[in-house]
Every structure is written in structure tokens, then in C-alpha cells.
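Pasting query_38.txt here (compact mmCIF, C-alpha atoms):
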# COMPACT_ATOMS: atom_id res chain seq x y z
CA MET A 26 16.72 15.56 -13.30
CA ASP A 27 14.70 12.81 -14.86
CA THR A 28 10.96 13.68 -15.05
CA GLN A 29 9.97 10.38 -13.44
CA ILE A 30 12.26 11.02 -10.44
CA TRP A 31 10.89 14.57 -10.10
CA ASP A 32 7.28 13.37 -10.24
CA THR A 33 8.05 10.71 -7.62
CA LEU A 34 9.63 13.29 -5.30
CA VAL A 35 6.67 15.67 -5.73
CA GLU A 36 4.14 12.92 -5.02
CA SER A 37 6.15 11.69 -2.04
CA MET A 38 6.31 15.19 -0.52
CA LYS A 39 2.59 15.82 -1.12
CA ASN A 40 1.79 12.50 0.60
CA ALA A 41 4.11 13.30 3.52
CA TYR A 42 2.54 16.71 3.84
CA THR A 43 -0.98 15.28 3.79
CA ALA A 44 -0.02 12.72 6.45
CA GLY A 45 1.64 15.40 8.59
CA LEU A 46 -1.39 17.67 8.46
CA SER A 47 -3.66 14.79 9.43
CA GLU A 48 -1.46 14.31 12.51
CA GLY A 49 -1.68 18.00 13.33
CA ALA A 50 1.80 19.09 12.25
CA VAL A 51 3.36 20.60 9.16
CA PRO A 52 6.44 18.57 8.16
CA ARG A 53 9.67 20.47 8.76
CA PRO A 54 11.79 21.63 5.81
CA VAL A 55 13.68 18.89 4.02
CA ILE A 56 16.56 18.52 1.56
CA MET A 57 17.05 15.69 -0.89
CA PRO A 58 20.54 15.75 -2.44
CA LEU A 59 21.32 13.82 -5.62
CA VAL A 60 24.67 12.64 -6.91
CA ARG A 61 24.79 11.80 -10.64
CA GLY A 62 21.01 11.48 -10.65
CA GLU A 63 20.88 9.13 -7.67
CA LEU A 64 19.05 10.17 -4.50
CA VAL A 65 21.33 10.35 -1.44
CA GLY A 66 18.47 10.46 1.02
CA LEU A 67 16.01 12.69 2.81
CA ILE A 68 17.20 15.03 5.56
CA ARG A 69 14.66 16.89 7.69
CA VAL A 70 15.68 19.99 9.64
CA ARG A 71 16.42 19.62 13.35
CA PRO A 72 14.02 21.00 15.96
CA THR A 73 14.65 24.75 16.16
CA SER A 74 13.58 27.76 18.14
CA ALA A 75 12.03 30.74 16.35
CA GLY A 76 14.19 33.30 14.64
CA ARG A 77 17.90 33.03 13.95
CA ASP A 78 18.12 29.37 15.13
CA ALA A 79 15.45 28.30 12.61
CA GLN A 80 17.24 30.18 9.83
CA THR A 81 20.54 28.53 10.75
CA GLY A 82 18.96 25.08 11.06
CA ILE A 83 17.48 25.34 7.57
CA ALA A 84 20.69 26.69 6.01
CA GLN A 85 22.67 23.84 7.61
CA LEU A 86 20.63 21.29 5.64
CA SER A 87 23.23 22.05 2.97
CA ASN A 88 25.98 20.30 4.94
CA ILE A 89 24.90 16.81 3.92
CA ALA A 90 24.62 17.80 0.24
CA ALA A 91 28.06 19.43 0.30
CA ALA A 92 29.62 16.44 2.06
CA ALA A 93 28.08 14.04 -0.47
CA GLY A 94 29.33 16.11 -3.41
CA ALA A 95 25.77 16.63 -4.64
CA ASP A 96 25.28 17.97 -8.13
CA GLU A 97 21.53 18.55 -7.59
CA VAL A 98 19.34 19.24 -4.56
CA VAL A 99 15.63 19.50 -3.94
CA LEU A 100 14.51 21.54 -0.94
CA VAL A 101 10.94 21.41 0.32
CA TRP A 102 9.19 23.77 2.74
CA GLU A 103 5.82 25.28 3.57
CA THR A 104 5.50 29.05 3.08
CA HIS A 105 3.74 29.90 6.34
CA ASP A 106 5.72 27.45 8.46
CA VAL A 107 9.14 28.79 7.40
CA ALA A 108 8.04 32.43 7.60
CA THR A 109 6.75 31.88 11.15
CA ALA A 110 9.72 29.78 12.32
CA CYS A 111 12.26 32.20 10.84
CA GLN A 112 10.31 35.33 11.82
CA LEU A 113 10.21 36.50 8.20
CA PRO A 114 7.37 38.06 6.21
CA VAL A 115 5.20 35.65 4.23
CA THR A 116 6.12 35.87 0.54
CA GLY A 117 4.37 34.01 -2.23
CA PRO A 118 1.20 31.98 -2.03
CA ALA A 119 0.19 30.75 1.42
CA PRO A 120 -0.58 28.11 2.33
CA CYS A 121 1.78 26.55 -0.17
CA LEU A 122 4.18 23.64 -0.36
CA ASN A 123 7.32 24.86 -2.13
CA MET A 124 9.91 22.74 -3.89
CA VAL A 125 13.08 24.12 -5.40
CA HIS A 126 15.29 22.07 -7.69
CA ALA A 127 18.82 23.47 -7.79
CA THR A 128 21.89 22.36 -9.68
CA LYS A 129 25.61 22.75 -9.12
CA ASP A 130 25.85 25.17 -12.06
CA GLY A 131 23.98 27.77 -10.00
CA GLY A 132 20.54 27.48 -11.55
CA HIS A 133 17.33 26.72 -9.71
CA VAL A 134 13.64 26.34 -10.48
CA LEU A 135 10.97 27.10 -7.88
CA HIS A 136 7.82 24.97 -7.96
CA GLN A 137 4.87 26.10 -5.84
CA LEU A 138 2.04 23.77 -4.87
CA PRO A 139 -0.67 25.94 -3.30
CA TYR A 140 -3.52 24.39 -1.39
CA THR A 141 -6.42 25.13 0.88
CA GLU A 142 -7.10 23.23 4.07
CA GLN A 143 -10.29 21.26 4.25
CA SER A 144 -11.57 18.98 6.95
CA SER A 145 -11.12 15.32 6.23
CA PRO A 146 -13.77 12.79 7.21
CA GLN A 147 -14.05 12.14 10.91
CA SER A 148 -11.99 9.34 12.37
CA PRO A 149 -13.55 6.60 14.51
CA GLU A 150 -12.66 8.73 17.55
CA GLY A 151 -14.89 11.51 16.19
CA GLN A 152 -11.96 13.77 15.32
CA SER A 153 -11.62 15.49 11.98
CA SER A 154 -8.23 16.64 10.81
CA PRO A 155 -7.22 19.11 8.13
CA ALA A 156 -6.23 17.82 4.74
CA PRO A 157 -4.80 19.82 1.85
CA HIS A 158 -6.93 20.39 -1.21
CA TRP A 159 -4.27 20.94 -3.87
CA LEU A 160 -4.95 23.88 -6.16
CA PRO A 161 -3.63 24.27 -9.71
CA ALA A 162 0.11 24.94 -9.55
CA PRO A 163 1.49 28.06 -11.20
CA GLU A 164 4.16 27.62 -13.86
CA PRO A 165 7.59 26.68 -12.47
CA GLN A 166 9.77 29.76 -11.93
CA PRO A 167 13.37 29.50 -13.17
CA GLY A 168 15.44 31.64 -10.79
CA GLY A 169 12.34 32.22 -8.60
CA GLU A 170 12.82 34.24 -5.41
CA LEU A 171 13.78 32.13 -2.40
CA VAL A 172 13.48 33.12 1.26
CA PRO A 173 16.93 33.77 2.83
CA PRO A 174 17.44 30.48 4.72
CA ILE A 175 16.38 28.42 1.68
CA ARG A 176 18.63 30.53 -0.55
CA ALA A 177 21.53 29.90 1.86
CA ALA A 178 20.84 26.14 1.87
CA VAL A 179 20.85 26.11 -1.95
CA ASP A 180 24.07 28.14 -2.17
CA PHE A 181 25.99 26.17 0.47
CA SER A 182 24.87 22.77 -0.89
CA PHE A 183 27.48 23.10 -3.61
CA THR A 184 30.27 24.62 -1.50
CA PRO A 185 32.79 21.89 -0.62
CA LEU A 186 33.15 21.25 3.11
CA GLU A 187 36.61 21.63 4.58
CA ILE A 188 36.67 18.55 6.83
CA ASP A 189 39.96 16.85 7.63
CA HIS A 190 38.61 13.34 7.99
CA PRO A 191 38.93 10.16 5.91
CA SER A 192 35.14 10.02 5.53
CA PRO A 193 33.78 13.59 5.32
CA PHE A 194 30.31 12.31 4.37
CA GLY A 195 30.13 9.76 7.20
CA VAL A 196 31.30 12.23 9.85
CA THR A 197 28.86 14.87 8.57
CA VAL A 198 25.97 12.39 8.87
CA VAL A 199 26.97 11.53 12.45
CA LEU A 200 27.38 15.17 13.48
CA MET A 201 24.06 16.20 11.93
CA GLU A 202 22.23 13.30 13.60
CA GLU A 203 23.79 14.35 16.92
CA ASP A 204 22.42 17.87 16.31
CA GLY A 205 18.91 16.43 15.85
CA TYR A 206 18.53 16.29 12.06
CA ASN A 207 16.37 13.40 10.87
CA ILE A 208 18.46 11.62 8.22
CA ARG A 209 17.23 8.75 6.05
CA LEU A 210 19.84 7.67 3.52
CA THR A 211 19.22 5.42 0.54
CA ASP A 212 20.99 2.04 0.59
CA THR A 213 23.65 3.28 -1.81
CA PHE A 214 24.73 6.07 0.55
CA ALA A 215 24.15 4.37 3.92
CA PRO A 216 27.43 4.15 5.89
Do you think you could lay out the structure here as C-alpha cells?
Amino acid sequence: MDTQIWDTLVESMKNAYTAGLSEGAVPRPVIMPLVRGELVGLIRVRPTSAGRDAQTGIAQLSNIAAAAGADEVVLVWETHDVATACQLPVTGPAPCLNMVHATKDGGHVLHQLPYTEQSSPQSPEGQSSPAPHWLPAPEPQPGGELVPPIRAAVDFSFTPLEIDHPSPFGVTVVLMEEDGYNIRLTDTFAP
């Protein structure tokens, strides 16, 4: 992946995370598939219930990447949020925004962006909201350990879908939207 594209994705996710925290919510896990270096879009996990449903919802992010024939994916999640939603132990730094870049050849690199929460200035309504104070990031970890639902999403992103339809990508987008996934495709991949 081009360094400029990576830096743009990192900055975009940090900004989205900062905005989400200021609104009182951690953004849900997201996948960004790429085909020949071009971003397909941004797909955020559907609303889930705790436990197995959250694990399944995260793993199913892979469907859009598989349907698009992605050769790279970037998955983004928050350590505490995914551990709580999936009822898994917290592993790695927390709080931490995690980004994994995975390629079709089976390799992946885990990037961790730890932070502390600090109160932002009070709004005109007198409310203060948390904002992340980004800490120095550890070195990227080639082959870094991934929590099970993220690992499944990475693995299945490159497994071709067996869909008997003239437009496997289009039907996958429709079905995922019907299931509650938030899908924003780039102009190139919009149906």
C-alpha cells in the first residue's frame, strides 16, 4: 500500500474516532477493502448484541472484501470496545485504536495507536466530552496477534464467495445493508 494512502487512512480513522468520542460513542469496527490499490469503501459493522453475535458481525465484515475481490484490507477497531462486545479478554494496550493492514498473500501488519482520554474544552452547553490524547505508537508488528473475530475477518476477506448471481458484489452490498452494516462505497465501486 502506498504510504500516502496509509497515512490518509490513519488520519481519517483518528479523526473519526475523536469525533465519535466527543459524541459519547466509540466508532464500531470498520473494514476498508482495496482492489489494485484503490479503496472500495468503508464498511462499519452492524449493530450487534454482546458475545457470539458481535464476533460474527465483525467476522462478516469480510464479505464485502471477498465479493469485491480485494487484494488488501485495513481493519480498524478499539481494543476495549471489541473485547467488551465480544466478551473476550483485553489483549494489548487499552485504550488503543488498532489498525491491521492485510494482503491477499496472507501477511498482515498490526499498527497500534494507544491513547489516553482527556476532557476537551466545555461546549457552549457546559458539557465537556472526552477526547483522545494520542500517545507514541509502538513499532508496527508484522504478523501481530489479532483477536479471533478480527483474525476471522482478515482470513475470510480473501476467500472467494460462492454466490450464484450476475453481480456478486452488488448483491453482497444489498444483503449487508439489509443486515444493518453501514456501507459507504467510493464512486468507482458504487453500484
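A straight line drawn from atom CA of A:Lys39 to atom CA of A:Val198 is 25.7 Å long.
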*Closest to A:Cys121 among A:Gly168, A:Ile56, A:Ala92, A:Val51, using only C-alpha atoms?*
A:Val51
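Checking A:Ser192, A:Asp32, A:His105, A:Val199 one by one against A:His136, counting all atoms listed in the file, you find the shortest gap at A:Asp32.
Separating atom CA of A:Pro118 from atom CA of A:Asp27 is a distance of 26.7 Å.
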*Counting all atoms listed in the file, which of A:Pro191, A:Pro174, A:Gly117, A:Pro163 gets nearest to A:Gln80?*
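Residue with the minimum atom-to-atom distance to A:Gln80: A:Pro174.
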*asked:* Restricting the calculation to only C-alpha atoms: of A:Thr184, A:Thr116, A:Thr141, A:Ser87, which residue gets closest to A:Val99?
replied: A:Ser87
*Would you kindly return, as a list in words, each protein, DNA or RNA residue with an atom no farther than 8 Å from any atom of A:Pro185, considering only C-alpha atoms and excluding same-chain residues fewer than 2 positions away?*
Ala91, Ala92, Gly94, Ser182, Phe183 and Glu187 of chain A
_atom CA of A:Arg209 to atom CA of A:Ile68, distance in Å rounded to a single decimal_ =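 Taking atom CA of A:Arg209 and atom CA of A:Ile68, their separation equals 6.3 Å.
With distances restricted to only C-alpha atoms, A:Ala75 is the closest residue to A:Thr109 from A:Ala75, A:Leu67, A:Ala95, A:Ala41.
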